[in-house]
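Enquirer: Have a look at this one.
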Amino acid sequence: MKKILMLTTGGTIASLQTEHGLVPGISGEDLVNFLPELKNMCEVDVLPLFTLDSTNIYYEHWLKIASSIKENYEKYDGFVICHGTDTMSYTASALSYLIQNSQKPIILTGSQKPINLEISDAKTNLLDSFTYACSDVSCGVTLVFNGNVILGTRARKSRTKSFDAFKSVDYPVIGIVKDGYVISYITNLSRETKFYDNLNPNVGLIKLIPGVSSEIFEFMLSHHDAVIIESFGVGGLPMYNDNKINEIIAHYTKEGKIIIMTTQVPNEGSDIATYKVGHYLKENANILEAYDMTTEAVVTKLMWILSLTKEIEKVKKLFYETISNDILFKKD
Ligand code: ASP
């Protein structure tokens with residue numbers, strides 16, 4: 001029988017109704033007790049890490065999850081992480097950079113409804129996650145939700161209420177789990193597993209709105225090592241108000257700040273050379289673009305890269321390196 005470690009962090013799956021709304025409170029052992037069928041499937045150990053709504057989860061928690069997996073890596077065949085859905089795709093992306101090329105499956109799951117409700121997706125998602133964790137073809141960091149196996153770097157929460165809460169952005173679902181069976185479309189068993197144990201959280205994000213004020217750029221660039229700009233369409237920056245925003249960008253990039261252009265359009269990514277509003281930015285060495293990476297992957301990849309180096313050429317090289325299929329469409 002395979003040995004699986006279940007790490008619990010809170011989330012709706014483990015939540016109880018209180019007068020202040022849902023609050024995580026169901027223990028990992030109790031989650032396992034909801035699934036008696038697990039006994040015939042694998043040996044499960046539980047490692048409680050946090051009891052948090054995932055709104056409260058950030059880089060320190062990602063590092064703790066990664067180090068807990070590292071410490072237990074040799075003892076187990078796979079890892080199932082119970083997590084709130086709201087920031088699950090950020091955690092999945094962060095873990096994809098902190099634990100690269102994992103030969104063993106590291107699965108994030110959760111639910112839209114608590115496990116103790118009669119109508120809930122929790123038991124199915126949890127059971128599917130263990131089914132996937134026990135499969136010989138599974139590896140890498142993935143999210144198992146509503147029967148779909150989604151690569152960690154490609155996951156995005158796209159529905160706030162339906163059970164079909166996650167989609168895979170610009171990349172196919174890598175497998176499905178149905179009635180206790182795994183159908184794996186893509187497996188990535190390849191190179192040696194690599195663990196990293198640091199992140200630089202000093203990364204900010206600006207989402208453009210029409211008429212966005214230049215002061216936001218001034219503030220964000222003066223306070224962060226790298227700033228991601230969620231632009232419109234394939235990407236560009238407004239040139240109104242005497243090109244003030246671009247002047248600020250030019251000033252801070254000369255100081256070594258790193259700027260990454262991405263798009264707020266949900267699919268197909270950036271291509272900033274297409275229009276004049278973006279084309280000239282290509283000539284500025286400190287401006288990179290996300291192409292088909294998710295914002296979650298851009299944020300966490302930058303945190304990982306900036307923990308290793310702040311030298312622009314090295315940042316650029318690592319940023320455009322494909323890790324867990326995070327970036328496939330790239331022209332640089
Ligand atoms: N607010 C919850 C969380 O992210 C939502 C969920 O788990 O579905 O922890």
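Following the order of the structure tokens, chains are lettered A, B, ..., residues in each are numbered from 1, and ligands are numbered from 1.
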What do you get as an NGL selection string if you pick all residues at most 6 Å from ligand 1, counting only C-alpha atoms and all ligand atoms?

Expert: :A and (11-12 or 53-55 or 84-87 or 111-112)

Enquirer: Run DSSP on the backbone and give me the residues of region 146-304 of chain A it puts in alpha helix (DSSP H), as an MDAnalysis selection string.

Expert: chainID A and resid 214:223 240:254 276:279 295:304

Enquirer: Choose the residue, out of A:Val212, A:Cys134, A:Leu221, A:Met88, that has the smallest atom-to-atom separation from Ser158 (chain A); count only C-alpha atoms.

Expert: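 Checking each of A:Val212, A:Cys134, A:Leu221, A:Met88 against Ser158 (chain A), counting only C-alpha atoms, the winner is A:Met88.
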
Enquirer: Using only C-alpha atoms, which of the listed residues (A:Asn284, A:Ile183, A:Tyr97, A:Ser162) sits closest to Thr322 (chain A)?

Expert: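 Looking at the shortest contact to Thr322 (chain A), the residue is A:Tyr97.
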
Enquirer: Wanna dump the region 151-250 of chain A-region 286-290 of chain A contacts at 10 Å for me, each residue with its shortest atom pair and the distance in Å to one decimal, counting only C-alpha atoms, ordered by chain and number, as a tab-separated table?

Expert:
```
residue	atom	partner	partner_atom	distance
A:Ala226	CA	A:Asn286	CA	9.8
A:Val227	CA	A:Ile287	CA	9.8
A:Ile228	CA	A:Glu289	CA	9.0
A:Ile229	CA	A:Glu289	CA	9.3
A:Glu230	CA	A:Ala290	CA	9.7
A:Val234	CA	A:Glu289	CA	9.9
A:Gly235	CA	A:Glu289	CA	8.7
A:Ile249	CA	A:Ile287	CA	9.2
A:Ala250	CA	A:Asn286	CA	9.3
```

Enquirer: Please provide as a PDB file with N, CA, C and O atoms, in the first residue's frame all residues within 12 Å of region 21-27 of chain A, with the sequence filter that same-chain residues fewer than 4 positions apart are discarded (counting only C-alpha atoms).

Expert:
```pdb
ATOM      1  N   MET A   6      -1.010  13.638   4.404  1.00  0.00           N
ATOM      2  CA  MET A   6      -1.999  14.702   4.189  1.00  0.00           C
ATOM      3  C   MET A   6      -1.635  15.899   5.062  1.00  0.00           C
ATOM      4  O   MET A   6      -1.568  15.776   6.285  1.00  0.00           O
ATOM      5  N   LEU A   7      -1.393  17.039   4.422  1.00  0.00           N
ATOM      6  CA  LEU A   7      -1.047  18.260   5.165  1.00  0.00           C
ATOM      7  C   LEU A   7      -2.290  19.152   5.198  1.00  0.00           C
ATOM      8  O   LEU A   7      -2.894  19.405   4.142  1.00  0.00           O
ATOM      9  N   THR A   8      -2.672  19.598   6.376  1.00  0.00           N
ATOM     10  CA  THR A   8      -3.880  20.417   6.434  1.00  0.00           C
ATOM     11  C   THR A   8      -3.523  21.877   6.719  1.00  0.00           C
ATOM     12  O   THR A   8      -2.611  22.177   7.490  1.00  0.00           O
ATOM     13  N   THR A   9      -4.269  22.768   6.044  1.00  0.00           N
ATOM     14  CA  THR A   9      -3.999  24.210   6.218  1.00  0.00           C
ATOM     15  C   THR A   9      -5.268  24.996   6.522  1.00  0.00           C
ATOM     16  O   THR A   9      -5.216  26.196   6.713  1.00  0.00           O
ATOM     17  N   GLY A  10      -6.421  24.323   6.533  1.00  0.00           N
ATOM     18  CA  GLY A  10      -7.698  25.016   6.779  1.00  0.00           C
ATOM     19  C   GLY A  10      -8.557  25.018   5.542  1.00  0.00           C
ATOM     20  O   GLY A  10      -8.635  24.024   4.827  1.00  0.00           O
ATOM     21  N   GLY A  11      -9.218  26.154   5.252  1.00  0.00           N
ATOM     22  CA  GLY A  11     -10.074  26.262   4.070  1.00  0.00           C
ATOM     23  C   GLY A  11     -11.507  25.822   4.350  1.00  0.00           C
ATOM     24  O   GLY A  11     -11.815  25.264   5.405  1.00  0.00           O
ATOM     25  N   THR A  12     -12.359  26.050   3.375  1.00  0.00           N
ATOM     26  CA  THR A  12     -13.776  25.683   3.502  1.00  0.00           C
ATOM     27  C   THR A  12     -13.952  24.201   3.797  1.00  0.00           C
ATOM     28  O   THR A  12     -14.806  23.814   4.590  1.00  0.00           O
ATOM     29  N   ILE A  13     -13.135  23.372   3.159  1.00  0.00           N
ATOM     30  CA  ILE A  13     -13.270  21.915   3.325  1.00  0.00           C
ATOM     31  C   ILE A  13     -13.314  21.539   4.804  1.00  0.00           C
ATOM     32  O   ILE A  13     -14.042  20.636   5.206  1.00  0.00           O
ATOM     33  N   ALA A  14     -12.551  22.263   5.623  1.00  0.00           N
ATOM     34  CA  ALA A  14     -12.453  21.940   7.060  1.00  0.00           C
ATOM     35  C   ALA A  14     -13.190  22.969   7.917  1.00  0.00           C
ATOM     36  O   ALA A  14     -12.907  23.109   9.100  1.00  0.00           O
ATOM     37  N   SER A  15     -14.149  23.692   7.315  1.00  0.00           N
ATOM     38  CA  SER A  15     -14.780  24.789   8.049  1.00  0.00           C
ATOM     39  C   SER A  15     -16.078  24.387   8.737  1.00  0.00           C
ATOM     40  O   SER A  15     -16.776  23.476   8.313  1.00  0.00           O
ATOM     41  N   LEU A  16     -16.373  25.143   9.795  1.00  0.00           N
ATOM     42  CA  LEU A  16     -17.616  24.987  10.538  1.00  0.00           C
ATOM     43  C   LEU A  16     -18.367  26.316  10.477  1.00  0.00           C
ATOM     44  O   LEU A  16     -17.738  27.379  10.444  1.00  0.00           O
ATOM     45  N   GLN A  17     -19.700  26.211  10.510  1.00  0.00           N
ATOM     46  CA  GLN A  17     -20.506  27.437  10.491  1.00  0.00           C
ATOM     47  C   GLN A  17     -20.458  28.098  11.867  1.00  0.00           C
ATOM     48  O   GLN A  17     -20.622  27.426  12.877  1.00  0.00           O
ATOM     49  N   LEU A  31     -11.262  14.823   8.935  1.00  0.00           N
ATOM     50  CA  LEU A  31     -11.438  14.829   7.470  1.00  0.00           C
ATOM     51  C   LEU A  31     -11.274  13.410   6.930  1.00  0.00           C
ATOM     52  O   LEU A  31     -12.069  12.934   6.116  1.00  0.00           O
ATOM     53  N   VAL A  32     -10.227  12.733   7.408  1.00  0.00           N
ATOM     54  CA  VAL A  32      -9.957  11.358   6.956  1.00  0.00           C
ATOM     55  C   VAL A  32     -11.106  10.427   7.366  1.00  0.00           C
ATOM     56  O   VAL A  32     -11.519   9.553   6.582  1.00  0.00           O
ATOM     57  N   ASN A  33     -11.675  10.653   8.561  1.00  0.00           N
ATOM     58  CA  ASN A  33     -12.775   9.798   9.032  1.00  0.00           C
ATOM     59  C   ASN A  33     -14.016   9.911   8.155  1.00  0.00           C
ATOM     60  O   ASN A  33     -14.871   9.028   8.172  1.00  0.00           O
ATOM     61  N   PHE A  34     -14.137  11.007   7.422  1.00  0.00           N
ATOM     62  CA  PHE A  34     -15.272  11.141   6.505  1.00  0.00           C
ATOM     63  C   PHE A  34     -15.133  10.203   5.303  1.00  0.00           C
ATOM     64  O   PHE A  34     -16.067  10.043   4.530  1.00  0.00           O
ATOM     65  N   VAL A  46      -1.433  12.229   8.952  1.00  0.00           N
ATOM     66  CA  VAL A  46      -1.900  13.618   8.878  1.00  0.00           C
ATOM     67  C   VAL A  46      -0.871  14.539   9.519  1.00  0.00           C
ATOM     68  O   VAL A  46      -0.357  14.252  10.599  1.00  0.00           O
ATOM     69  N   LEU A  47      -0.568  15.636   8.831  1.00  0.00           N
ATOM     70  CA  LEU A  47       0.333  16.645   9.397  1.00  0.00           C
ATOM     71  C   LEU A  47      -0.408  17.987   9.416  1.00  0.00           C
ATOM     72  O   LEU A  47      -0.562  18.636   8.375  1.00  0.00           O
ATOM     73  N   PRO A  48      -0.912  18.390  10.603  1.00  0.00           N
ATOM     74  CA  PRO A  48      -1.612  19.682  10.642  1.00  0.00           C
ATOM     75  C   PRO A  48      -0.615  20.843  10.596  1.00  0.00           C
ATOM     76  O   PRO A  48       0.311  20.877  11.400  1.00  0.00           O
ATOM     77  N   LEU A  49      -0.781  21.740   9.650  1.00  0.00           N
ATOM     78  CA  LEU A  49       0.147  22.885   9.549  1.00  0.00           C
ATOM     79  C   LEU A  49      -0.499  24.176  10.042  1.00  0.00           C
ATOM     80  O   LEU A  49       0.037  24.855  10.893  1.00  0.00           O
ATOM     81  N   PHE A  50      -1.669  24.503   9.495  1.00  0.00           N
ATOM     82  CA  PHE A  50      -2.377  25.717   9.924  1.00  0.00           C
ATOM     83  C   PHE A  50      -3.875  25.441   9.914  1.00  0.00           C
ATOM     84  O   PHE A  50      -4.327  24.447   9.354  1.00  0.00           O
ATOM     85  N   THR A  51      -4.615  26.380  10.520  1.00  0.00           N
ATOM     86  CA  THR A  51      -6.077  26.300  10.486  1.00  0.00           C
ATOM     87  C   THR A  51      -6.553  27.659   9.993  1.00  0.00           C
ATOM     88  O   THR A  51      -7.051  28.477  10.754  1.00  0.00           O
ATOM     89  N   LEU A  52      -6.361  27.906   8.705  1.00  0.00           N
ATOM     90  CA  LEU A  52      -6.562  29.252   8.170  1.00  0.00           C
ATOM     91  C   LEU A  52      -7.518  29.284   6.984  1.00  0.00           C
ATOM     92  O   LEU A  52      -7.538  28.365   6.158  1.00  0.00           O
ATOM     93  N   ASP A  53      -8.280  30.354   6.920  1.00  0.00           N
ATOM     94  CA  ASP A  53      -8.923  30.681   5.660  1.00  0.00           C
ATOM     95  C   ASP A  53      -7.766  31.048   4.719  1.00  0.00           C
ATOM     96  O   ASP A  53      -6.841  31.768   5.128  1.00  0.00           O
ATOM     97  N   SER A  54      -7.799  30.598   3.489  1.00  0.00           N
ATOM     98  CA  SER A  54      -6.607  30.813   2.638  1.00  0.00           C
ATOM     99  C   SER A  54      -6.404  32.274   2.280  1.00  0.00           C
ATOM    100  O   SER A  54      -5.351  32.651   1.762  1.00  0.00           O
ATOM    101  N   THR A  55      -7.382  33.119   2.581  1.00  0.00           N
ATOM    102  CA  THR A  55      -7.195  34.570   2.437  1.00  0.00           C
ATOM    103  C   THR A  55      -6.011  35.024   3.294  1.00  0.00           C
ATOM    104  O   THR A  55      -5.362  36.028   3.008  1.00  0.00           O
ATOM    105  N   ASN A  56      -5.743  34.286   4.362  1.00  0.00           N
ATOM    106  CA  ASN A  56      -4.655  34.646   5.280  1.00  0.00           C
ATOM    107  C   ASN A  56      -3.340  33.919   4.981  1.00  0.00           C
ATOM    108  O   ASN A  56      -2.407  33.988   5.778  1.00  0.00           O
ATOM    109  N   CYS A  82      -4.670  19.899   1.981  1.00  0.00           N
ATOM    110  CA  CYS A  82      -6.019  20.469   2.044  1.00  0.00           C
ATOM    111  C   CYS A  82      -5.884  21.968   2.259  1.00  0.00           C
ATOM    112  O   CYS A  82      -5.199  22.409   3.189  1.00  0.00           O
ATOM    113  N   HIS A  83      -6.554  22.751   1.430  1.00  0.00           N
ATOM    114  CA  HIS A  83      -6.272  24.185   1.360  1.00  0.00           C
ATOM    115  C   HIS A  83      -7.548  24.908   0.935  1.00  0.00           C
ATOM    116  O   HIS A  83      -8.342  24.381   0.164  1.00  0.00           O
ATOM    117  N   GLY A  84      -7.714  26.146   1.397  1.00  0.00           N
ATOM    118  CA  GLY A  84      -8.829  26.967   0.921  1.00  0.00           C
ATOM    119  C   GLY A  84      -8.703  27.217  -0.565  1.00  0.00           C
ATOM    120  O   GLY A  84      -7.598  27.268  -1.108  1.00  0.00           O
ATOM    121  N   GLY A 110      -9.390  21.035  -2.067  1.00  0.00           N
ATOM    122  CA  GLY A 110     -10.246  21.726  -1.103  1.00  0.00           C
ATOM    123  C   GLY A 110     -11.665  21.569  -1.582  1.00  0.00           C
ATOM    124  O   GLY A 110     -11.966  20.607  -2.307  1.00  0.00           O
ATOM    125  N   GLN A 112     -15.747  23.756  -2.245  1.00  0.00           N
ATOM    126  CA  GLN A 112     -16.575  24.968  -2.192  1.00  0.00           C
ATOM    127  C   GLN A 112     -17.557  24.908  -1.018  1.00  0.00           C
ATOM    128  O   GLN A 112     -18.088  25.927  -0.608  1.00  0.00           O
ATOM    129  N   LYS A 113     -17.795  23.694  -0.508  1.00  0.00           N
ATOM    130  CA  LYS A 113     -18.702  23.518   0.641  1.00  0.00           C
ATOM    131  C   LYS A 113     -17.998  22.662   1.682  1.00  0.00           C
ATOM    132  O   LYS A 113     -17.270  21.723   1.327  1.00  0.00           O
ATOM    133  N   PRO A 114     -18.231  22.941   2.973  1.00  0.00           N
ATOM    134  CA  PRO A 114     -17.570  22.158   4.024  1.00  0.00           C
ATOM    135  C   PRO A 114     -17.918  20.669   3.942  1.00  0.00           C
ATOM    136  O   PRO A 114     -18.995  20.286   3.467  1.00  0.00           O
ATOM    137  N   ILE A 115     -17.013  19.856   4.462  1.00  0.00           N
ATOM    138  CA  ILE A 115     -17.164  18.394   4.341  1.00  0.00           C
ATOM    139  C   ILE A 115     -18.347  17.863   5.160  1.00  0.00           C
ATOM    140  O   ILE A 115     -18.906  16.822   4.843  1.00  0.00           O
ATOM    141  N   ASN A 116     -18.748  18.595   6.197  1.00  0.00           N
ATOM    142  CA  ASN A 116     -19.829  18.067   7.045  1.00  0.00           C
ATOM    143  C   ASN A 116     -21.223  18.423   6.517  1.00  0.00           C
ATOM    144  O   ASN A 116     -22.223  18.093   7.150  1.00  0.00           O
TER     145      ASN A 116
END
```

Enquirer: Got a sec: who's within 10 Å of Thr131 (chain A), counting only C-alpha atoms, leaving out chain neighbours fewer than 5 positions off, as a list in words?

Expert: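 Near Thr131 (chain A), the qualifying residues are Leu38, Met41, Cys42, Asn125, Leu126, Ser138, Val144, Val177, Lys178, Asp179, Gly180, Tyr181 and Val182 of chain A.
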
Enquirer: When you draw a straight line from CA of Gly78 (chain A) to CA of Gly147 (chain A), how long is it in Å?

Expert: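 Spanning CA of Gly78 (chain A) to CA of Gly147 (chain A) is a straight-line distance of 18.2 Å.
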
Enquirer: Do you have the CA of Glu118 (chain A)-CA of Glu19 (chain A) distance handy?

Expert: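 That distance, rounded to one decimal, is 19.8 Å.
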
Enquirer: Write out as an MDAnalysis selection string all residues of region 121-201 of chain A that backbone DSSP assigns to strand (DSSP E or B).

Expert: chainID A and resid 141:145 148:151 155:157 166:168 175:178 181:184 194:195
